[in-house]
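Structure file coords.txt (compact mmCIF, C-alpha atoms and all ligand atoms) is printed below.
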```
# COMPACT_ATOMS: atom_id res chain seq x y z
CA MET B 13 -3.49 9.62 -13.71
CA THR B 14 -7.26 9.96 -13.28
CA LYS B 15 -8.80 13.43 -13.85
CA ASP B 16 -10.83 13.57 -10.65
CA ILE B 17 -7.78 13.26 -8.41
CA THR B 18 -6.51 16.86 -8.82
CA GLU B 19 -8.26 18.08 -5.66
CA LEU B 20 -7.12 15.06 -3.67
CA LEU B 21 -3.51 15.63 -4.72
CA LYS B 22 -3.70 19.24 -3.52
CA THR B 23 -4.68 17.93 -0.08
CA VAL B 24 -2.27 15.01 0.16
CA ARG B 25 0.75 16.91 -1.15
CA LYS B 26 0.53 19.06 1.98
CA LEU B 27 0.70 16.04 4.30
CA GLU B 28 3.96 14.58 5.50
CA GLY B 29 4.67 11.14 4.08
CA TRP B 30 6.41 9.25 1.30
CA LEU B 31 3.77 8.68 -1.37
CA THR B 32 4.32 9.87 -4.92
CA ASP B 33 1.39 11.36 -6.84
CA LYS B 34 1.04 8.15 -8.85
CA GLU B 35 0.99 6.09 -5.67
CA ALA B 36 -1.68 8.39 -4.18
CA ASP B 37 -3.66 7.95 -7.40
CA ILE B 38 -3.53 4.15 -7.37
CA LEU B 39 -4.55 3.97 -3.69
CA TYR B 40 -7.49 6.25 -4.45
CA ARG B 41 -8.52 4.13 -7.45
CA LEU B 42 -8.15 0.79 -5.69
CA ALA B 43 -10.27 2.04 -2.77
CA LYS B 44 -12.83 3.51 -5.16
CA SER B 45 -13.22 0.25 -7.07
CA CYS B 46 -13.26 -1.91 -3.94
CA PRO B 47 -16.35 -4.17 -3.93
CA ASN B 48 -18.45 -4.37 -0.76
CA ASN B 49 -17.67 -7.99 0.10
CA GLY B 50 -15.18 -6.92 2.75
CA VAL B 51 -13.55 -3.95 4.45
CA ILE B 52 -10.42 -1.95 3.65
CA VAL B 53 -7.39 -2.29 5.93
CA GLU B 54 -4.31 -0.11 6.08
CA ILE B 55 -1.19 -1.26 7.94
CA GLY B 56 0.98 1.77 8.73
CA SER B 57 -0.82 5.12 8.56
CA TRP B 58 1.85 7.51 9.91
CA LYS B 59 0.21 10.95 9.61
CA GLY B 60 -2.61 9.85 7.34
CA LYS B 61 -1.36 10.65 3.83
CA SER B 62 -2.26 7.23 2.44
CA THR B 63 -5.33 7.00 4.70
CA VAL B 64 -6.74 10.17 3.11
CA CYS B 65 -6.27 8.66 -0.39
CA LEU B 66 -8.06 5.48 0.70
CA GLY B 67 -10.79 7.46 2.46
CA GLU B 68 -11.48 9.70 -0.54
CA GLY B 69 -11.47 6.71 -2.89
CA SER B 70 -13.83 4.73 -0.71
CA LYS B 71 -16.19 7.69 -0.34
CA ASP B 72 -16.31 8.08 -4.13
CA GLY B 73 -16.92 4.34 -4.44
CA ASN B 74 -18.83 1.93 -2.23
CA LYS B 75 -18.17 3.82 1.04
CA ILE B 76 -16.42 0.87 2.62
CA GLU B 77 -15.05 1.28 6.12
CA ILE B 78 -11.28 1.63 6.44
CA TYR B 79 -9.41 0.20 9.45
CA ALA B 80 -6.20 2.20 9.83
CA ILE B 81 -3.79 0.15 11.95
CA ASP B 82 -0.67 1.76 13.43
CA PRO B 83 0.88 1.86 16.91
CA HIS B 84 1.84 5.45 15.95
CA THR B 85 5.29 5.11 17.43
CA GLY B 86 7.36 5.50 14.27
CA SER B 87 8.43 3.75 11.10
CA SER B 88 11.47 1.75 10.00
CA ARG B 89 12.77 5.08 8.70
CA HIS B 90 12.96 6.29 12.30
CA LYS B 91 14.52 3.30 14.00
CA ASP B 92 17.81 5.19 14.50
CA SER B 93 16.09 8.28 15.91
CA HIS B 94 16.40 8.85 19.66
CA GLU B 95 13.29 11.03 19.75
CA LYS B 96 10.07 9.55 21.09
CA ILE B 97 7.56 9.38 18.26
CA TRP B 98 3.79 9.77 18.63
CA THR B 99 1.92 10.45 15.37
CA PHE B 100 -1.67 9.73 16.41
CA ASN B 101 -2.68 13.35 17.11
CA GLU B 102 -1.47 14.59 13.73
CA PHE B 103 -3.00 11.55 12.03
CA LYS B 104 -6.37 12.31 13.63
CA LYS B 105 -6.26 15.98 12.71
CA ASN B 106 -5.30 15.21 9.11
CA ILE B 107 -8.12 12.73 8.54
CA GLU B 108 -10.58 15.15 10.17
CA ASP B 109 -9.40 18.06 8.00
CA ALA B 110 -9.76 15.88 4.90
CA GLN B 111 -13.25 14.86 6.10
CA VAL B 112 -12.61 11.15 5.90
CA ASP B 113 -12.71 10.56 9.67
CA ASP B 114 -16.30 9.30 9.40
CA ILE B 115 -15.18 6.36 7.26
CA VAL B 116 -11.84 5.63 8.95
CA GLU B 117 -11.61 3.57 12.13
CA PRO B 118 -8.15 3.95 13.69
CA ILE B 119 -6.73 0.94 15.54
CA VAL B 120 -3.74 1.99 17.63
CA LYS B 121 -1.97 -1.37 17.73
CA THR B 122 0.69 -3.22 15.80
CA SER B 123 -0.43 -5.17 12.77
CA GLU B 124 0.11 -8.47 14.58
CA ASP B 125 -1.87 -7.45 17.68
CA ALA B 126 -4.70 -5.98 15.61
CA SER B 127 -4.94 -9.12 13.48
CA LYS B 128 -5.63 -11.32 16.52
CA ASP B 129 -9.19 -10.14 17.06
CA PHE B 130 -9.94 -8.85 13.57
CA ASN B 131 -12.67 -11.06 12.14
CA LYS B 132 -14.01 -9.05 9.20
CA PRO B 133 -13.30 -10.22 5.65
CA VAL B 134 -10.84 -7.90 3.91
CA ALA B 135 -11.52 -6.78 0.33
CA PHE B 136 -8.48 -4.53 0.02
CA ILE B 137 -5.39 -4.17 2.19
CA PHE B 138 -2.56 -1.68 1.86
CA ILE B 139 0.59 -2.69 3.75
CA ASP B 140 3.07 0.06 4.65
CA GLY B 141 4.11 -0.71 8.23
CA ALA B 142 7.54 -1.76 9.47
CA HIS B 143 9.76 -2.56 6.48
CA ASP B 144 12.28 -5.05 7.92
CA TYR B 145 11.97 -8.57 6.53
CA ASP B 146 10.59 -10.23 9.68
CA PHE B 147 7.88 -7.58 10.12
CA ILE B 148 6.68 -7.52 6.54
CA ARG B 149 6.76 -11.34 6.47
CA LEU B 150 4.54 -11.34 9.56
CA ASP B 151 2.21 -8.69 8.07
CA PHE B 152 1.75 -10.87 5.01
CA ASP B 153 1.27 -14.09 6.96
CA VAL B 154 -1.32 -12.75 9.42
CA TRP B 155 -3.38 -10.73 6.90
CA PHE B 156 -3.30 -12.90 3.76
CA PRO B 157 -5.81 -15.44 5.18
CA LYS B 158 -8.27 -12.62 5.96
CA VAL B 159 -8.32 -11.35 2.36
CA VAL B 160 -11.30 -12.60 0.35
CA GLU B 161 -10.89 -14.36 -2.98
CA GLY B 162 -10.80 -11.60 -5.59
CA GLY B 163 -9.57 -9.14 -2.93
CA VAL B 164 -6.53 -6.95 -3.52
CA MET B 165 -3.28 -6.77 -1.56
CA ALA B 166 -1.03 -3.74 -2.11
CA PHE B 167 2.41 -3.09 -0.66
CA HIS B 168 4.40 0.13 -0.50
CA ASP B 169 8.19 0.37 -0.92
CA THR B 170 8.58 -2.83 -2.92
CA ILE B 171 11.48 -1.11 -4.64
CA GLY B 172 14.54 -0.11 -2.63
CA TRP B 173 13.57 -1.89 0.61
CA PRO B 174 15.16 -5.39 0.58
CA GLY B 175 12.80 -6.94 3.15
CA VAL B 176 9.65 -5.80 1.37
CA LYS B 177 11.09 -6.70 -2.01
CA LYS B 178 11.92 -10.24 -0.86
CA VAL B 179 8.48 -10.90 0.63
CA VAL B 180 6.54 -9.66 -2.40
CA ALA B 181 8.83 -11.50 -4.85
CA LYS B 182 8.22 -14.82 -3.08
CA SER B 183 4.67 -14.45 -1.80
CA VAL B 184 3.06 -12.35 -4.53
CA TYR B 185 4.96 -12.36 -7.87
CA LYS B 186 5.96 -16.05 -7.62
CA SER B 187 2.88 -17.25 -5.75
CA LYS B 188 0.07 -19.53 -6.91
CA TYR B 189 -2.45 -17.28 -5.17
CA PHE B 190 -2.22 -14.02 -7.10
CA LYS B 191 -3.00 -12.78 -10.57
CA ASP B 192 -2.79 -9.44 -12.37
CA VAL B 193 0.26 -8.29 -10.41
CA LYS B 194 1.21 -4.73 -11.25
CA PHE B 195 3.52 -2.06 -9.89
CA ILE B 196 3.29 1.72 -9.94
CA ASP B 197 6.35 3.53 -8.63
CA SER B 198 7.11 1.48 -5.50
CA ILE B 199 3.60 0.06 -4.95
CA THR B 200 2.98 -3.55 -5.97
CA TYR B 201 -0.62 -4.74 -6.01
CA ALA B 202 -2.34 -7.94 -7.05
CA LYS B 203 -5.60 -9.83 -6.90
CA LYS B 204 -5.85 -12.87 -4.60
CA VAL B 205 -7.20 -16.01 -6.29
CA LYS B 206 -7.80 -19.59 -5.20
CA GLN B 207 -5.25 -20.84 -7.70
CA ASN B 208 -3.75 -18.92 -10.61
CA SER B 209 -3.24 -20.36 -14.11
CA LEU B 210 0.05 -21.02 -15.88
CA LYS B 211 -0.65 -17.95 -18.00
CA ASP B 212 -1.10 -15.84 -14.83
CA ARG B 213 2.18 -17.18 -13.43
CA ILE B 214 4.07 -16.37 -16.60
CA LYS B 215 2.58 -12.86 -16.63
CA ASN B 216 3.45 -12.31 -12.94
CA ARG B 217 7.07 -13.38 -13.57
CA TYR B 218 7.23 -11.06 -16.56
CA VAL B 219 6.05 -8.12 -14.39
CA LEU B 220 8.65 -9.08 -11.74
CA PHE B 221 11.31 -8.98 -14.44
CA LEU B 222 10.08 -5.53 -15.53
CA LYS B 223 10.11 -4.33 -11.92
CA ASN B 224 13.70 -5.50 -11.43
CA MET B 225 14.75 -3.78 -14.67
CA TYR B 226 12.89 -0.64 -13.59
CA GLU B 227 14.66 -0.65 -10.21
CA PHE B 228 18.00 -1.11 -11.92
CA ALA B 229 17.25 1.81 -14.27
CA THR B 230 16.25 4.11 -11.37
CA LYS B 231 19.77 3.68 -9.98
CA LEU B 232 21.37 4.90 -13.22
CA HIS B 233 21.98 8.60 -13.72
CA LEU B 234 19.71 8.94 -16.73
CA PRO B 235 18.27 12.27 -17.91
CA LYS B 236 14.85 13.08 -16.41
CA PHE B 237 12.99 12.90 -19.73
CA ILE B 238 14.37 9.39 -20.42
CA LYS B 239 13.18 8.27 -16.97
CA LYS B 240 9.74 9.77 -17.69
CA ILE B 241 9.47 7.96 -21.02
CA GLY B 242 10.72 4.75 -19.38
CA LYS B 243 8.00 4.98 -16.70
CA LYS B 244 5.32 5.43 -19.38
CA ILE B 245 6.58 2.42 -21.33
CA VAL B 246 6.73 0.26 -18.19
CA LYS B 247 3.12 1.18 -17.36
CA LYS B 248 1.97 0.31 -20.90
CA ILE B 249 3.69 -3.06 -21.17
CA GLN B 250 2.59 -4.50 -17.81
C1 LIG V 301 6.22 4.47 6.23
S1 LIG V 301 5.16 4.85 7.55
C2 LIG V 301 3.59 4.80 6.81
C3 LIG V 301 3.36 5.91 5.86
C4 LIG V 301 1.92 6.09 5.44
N1 LIG V 301 1.35 4.90 4.86
C5 LIG V 301 1.83 7.24 4.46
O1 LIG V 301 1.61 6.99 3.27
O2 LIG V 301 2.02 8.36 4.87
C6 LIG V 301 5.19 3.39 8.48
C7 LIG V 301 4.24 3.38 9.65
O3 LIG V 301 4.20 2.03 10.13
C8 LIG V 301 3.98 2.06 11.51
N2 LIG V 301 4.38 0.77 12.05
C9 LIG V 301 5.58 0.37 12.50
N3 LIG V 301 5.53 -0.89 12.93
C10 LIG V 301 4.25 -1.31 12.73
C11 LIG V 301 3.57 -2.53 12.97
N4 LIG V 301 4.18 -3.59 13.50
N5 LIG V 301 2.26 -2.59 12.65
C12 LIG V 301 1.62 -1.54 12.11
N6 LIG V 301 2.22 -0.36 11.85
C13 LIG V 301 3.52 -0.25 12.15
C14 LIG V 301 4.78 3.24 12.00
O4 LIG V 301 4.28 3.70 13.24
C15 LIG V 301 4.63 4.23 10.85
O5 LIG V 301 3.64 5.16 11.12
```
Now, as a test, write the supplied structure out as structure tokens.
Ligand SMILES: C[S@@+](CC[C@H](N)C(=O)[O-])C[C@H]1O[C@@H](n2cnc3c(N)ncnc32)[C@H](O)[C@@H]1O
Amino acid sequence: MTKDITELLKTVRKLEGWLTDKEADILYRLAKSCPNNGVIVEIGSWKGKSTVCLGEGSKDGNKIEIYAIDPHTGSSRHKDSHEKIWTFNEFKKNIEDAQVDDIVEPIVKTSEDASKDFNKPVAFIFIDGAHDYDFIRLDFDVWFPKVVEGGVMAFHDTIGWPGVKKVVAKSVYKSKYFKDVKFIDSITYAKKVKQNSLKDRIKNRYVLFLKNMYEFATKLHLPKFIKKIGKKIVKKIQ
């Protein structure tokens, strides 16, 4: 984990959401290193936990605008809830408190609706919206063409969520259009390319194999220290 993220973690740990510290760290770093040949897009902001990581990263980097897209009416985790969900007010307050509201442009729409009139090139996109197969498939299909060559696509919950797992396996790990695929906890991220090489494809398949082994191991009741060592090894050998 990077040293300069300690303060950020203090802020984001207080916010409701599902990101691990390592996931917060990678979002911060990807936003920080984002080149200014496009904007940053987030699909699925909930109450702003991931948005704050992206905002802080971007501010410490090239200060690239972040478009935070969410209808704010609840996630796949809430589809069985009978309560009406409206997260926009809390989202707004959280990004204001974290002082990233000046760099974040909220778009209160679904990913599909927002994509229709979104014409800016995308340098980095983080997808964490609805997790059912058809939705994540659609998220990928409508946003992939907007991502610039060399841009990064990242997906949350690529472990444990069958729909997300299936889409990233087919369209990222086994695709001709990505290289340097990596995963950290449940986030998979990769660089879009015009056409990857055979070496890239072999490497991507190898990382998919590691991810599947990692997911299998997380289901076993192993002692905590073994899991910790396993995570370190997995990070090293990717
Ligand atoms: C898992 S939460 C996002 C969590 C957030 N990224 C974080 O780290 O705290 C999923 C979010 O996706 C939003 N969502 C659901 N369907 C969507 C869609 N079609 N397009 C965009 N966002 C959607 C929900 O409103 C919810 O806020």
Rounded to one decimal place, report the atom CA of Lys247 of chain B-atom CA of Lys194 of chain B distance in Å.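 Separation of atom CA of Lys247 of chain B and atom CA of Lys194 of chain B: 8.7 Å.
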Would you mind listing the residues within 8 Å of ligand LIG 301 (chain V), counting only C-alpha atoms and all ligand atoms, as a PyMOL selection string? chain B and resi 27-31+54-63+81-89+99+121-124+139-143+147+151+168
Which residues, written as a count of residues only, have at least one atom at most 12 Å from Ala181 of chain B, with all atoms listed in the file counted and residues fewer than 2 positions away on the same chain left out? 29
Would you mind reading off the distance between atom CA of Thr18 of chain B and atom CA of Thr32 of chain B, one decimal, in Å?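 Atom-to-atom, atom CA of Thr18 of chain B to atom CA of Thr32 of chain B, that is 13.5 Å.
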What separation in Å, quoted to one decimal, exists between atom CA of Lys188 of chain B and atom CA of Tyr40 of chain B?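 Atom CA of Lys188 of chain B sits 27.0 Å away from atom CA of Tyr40 of chain B.
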Nearest residue to Lys203 of chain B from the set B:Glu227, B:Asp125, B:Ala166, B:Leu150 (distances using all atoms listed in the file):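 When distances to Lys203 of chain B are compared using all atoms listed in the file, the smallest one comes from B:Ala166.
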Please report, as CSV, each residue of segment 119-222 of chain B lying at most 12 Å from segment 230-236 of chain B, together with the nearest pair of atoms and the separation in Å rounded to one decimal; use all atoms listed in the file, and order rows by chain and ascending residue number.
```
residue,atom,partner,partner_atom,distance
B:Ile171,CA,B:Thr230,CA,9.8
B:Gly172,CA,B:Lys231,CA,9.8
B:Asp197,CA,B:Thr230,CA,10.3
B:Ser198,CA,B:Thr230,CA,11.2
```
Just-selected residues, C-alpha atoms written as a JSON list (two decimals), keeping the file's coordinate frame:
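Okay, part-v5.json is ready:
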```
[["chain", "number", "residue", "atom", "x", "y", "z"],
["B", 171, "ILE", "CA", 11.48, -1.11, -4.64],
["B", 172, "GLY", "CA", 14.54, -0.11, -2.63],
["B", 197, "ASP", "CA", 6.35, 3.53, -8.63],
["B", 198, "SER", "CA", 7.11, 1.48, -5.50]]
```
Would you compute the box with edges along x, y and z of the file around segment 63-73 of chain B, including every atom the file lists for it and 5 Å extra on each side, and give its centre and edge lengths in Å to one decimal, as AutoDock Vina command-line options?
```
--center_x -11.1 --center_y 7.3 --center_z 0.1 --size_x 21.6 --size_y 15.8 --size_z 19.1
```
Please work out which residues fall within 12 Å of (7.7, 4.4, -18.4), coordinates as given in the file, with all atoms listed in the file counting, and return them as number ranges by chain. B: 195-197, 222-223, 225-227, 229-230, 236-250
Close residues, Lys132 of chain B itself excluded, 8 Å, only C-alpha atoms, min 5 positions apart in chain, as a list in words: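 Those residues are Gly50, Val51 and Lys158 of chain B.
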The selected residues should be written to file as a compact mmCIF listing (two decimals), in the frame of the given file (atoms: C-alpha atoms).
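Output below, filename out08.txt:
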```
# COMPACT_ATOMS: atom_id res chain seq x y z
CA GLY B 50 -15.18 -6.92 2.75
CA VAL B 51 -13.55 -3.95 4.45
CA LYS B 158 -8.27 -12.62 5.96
```
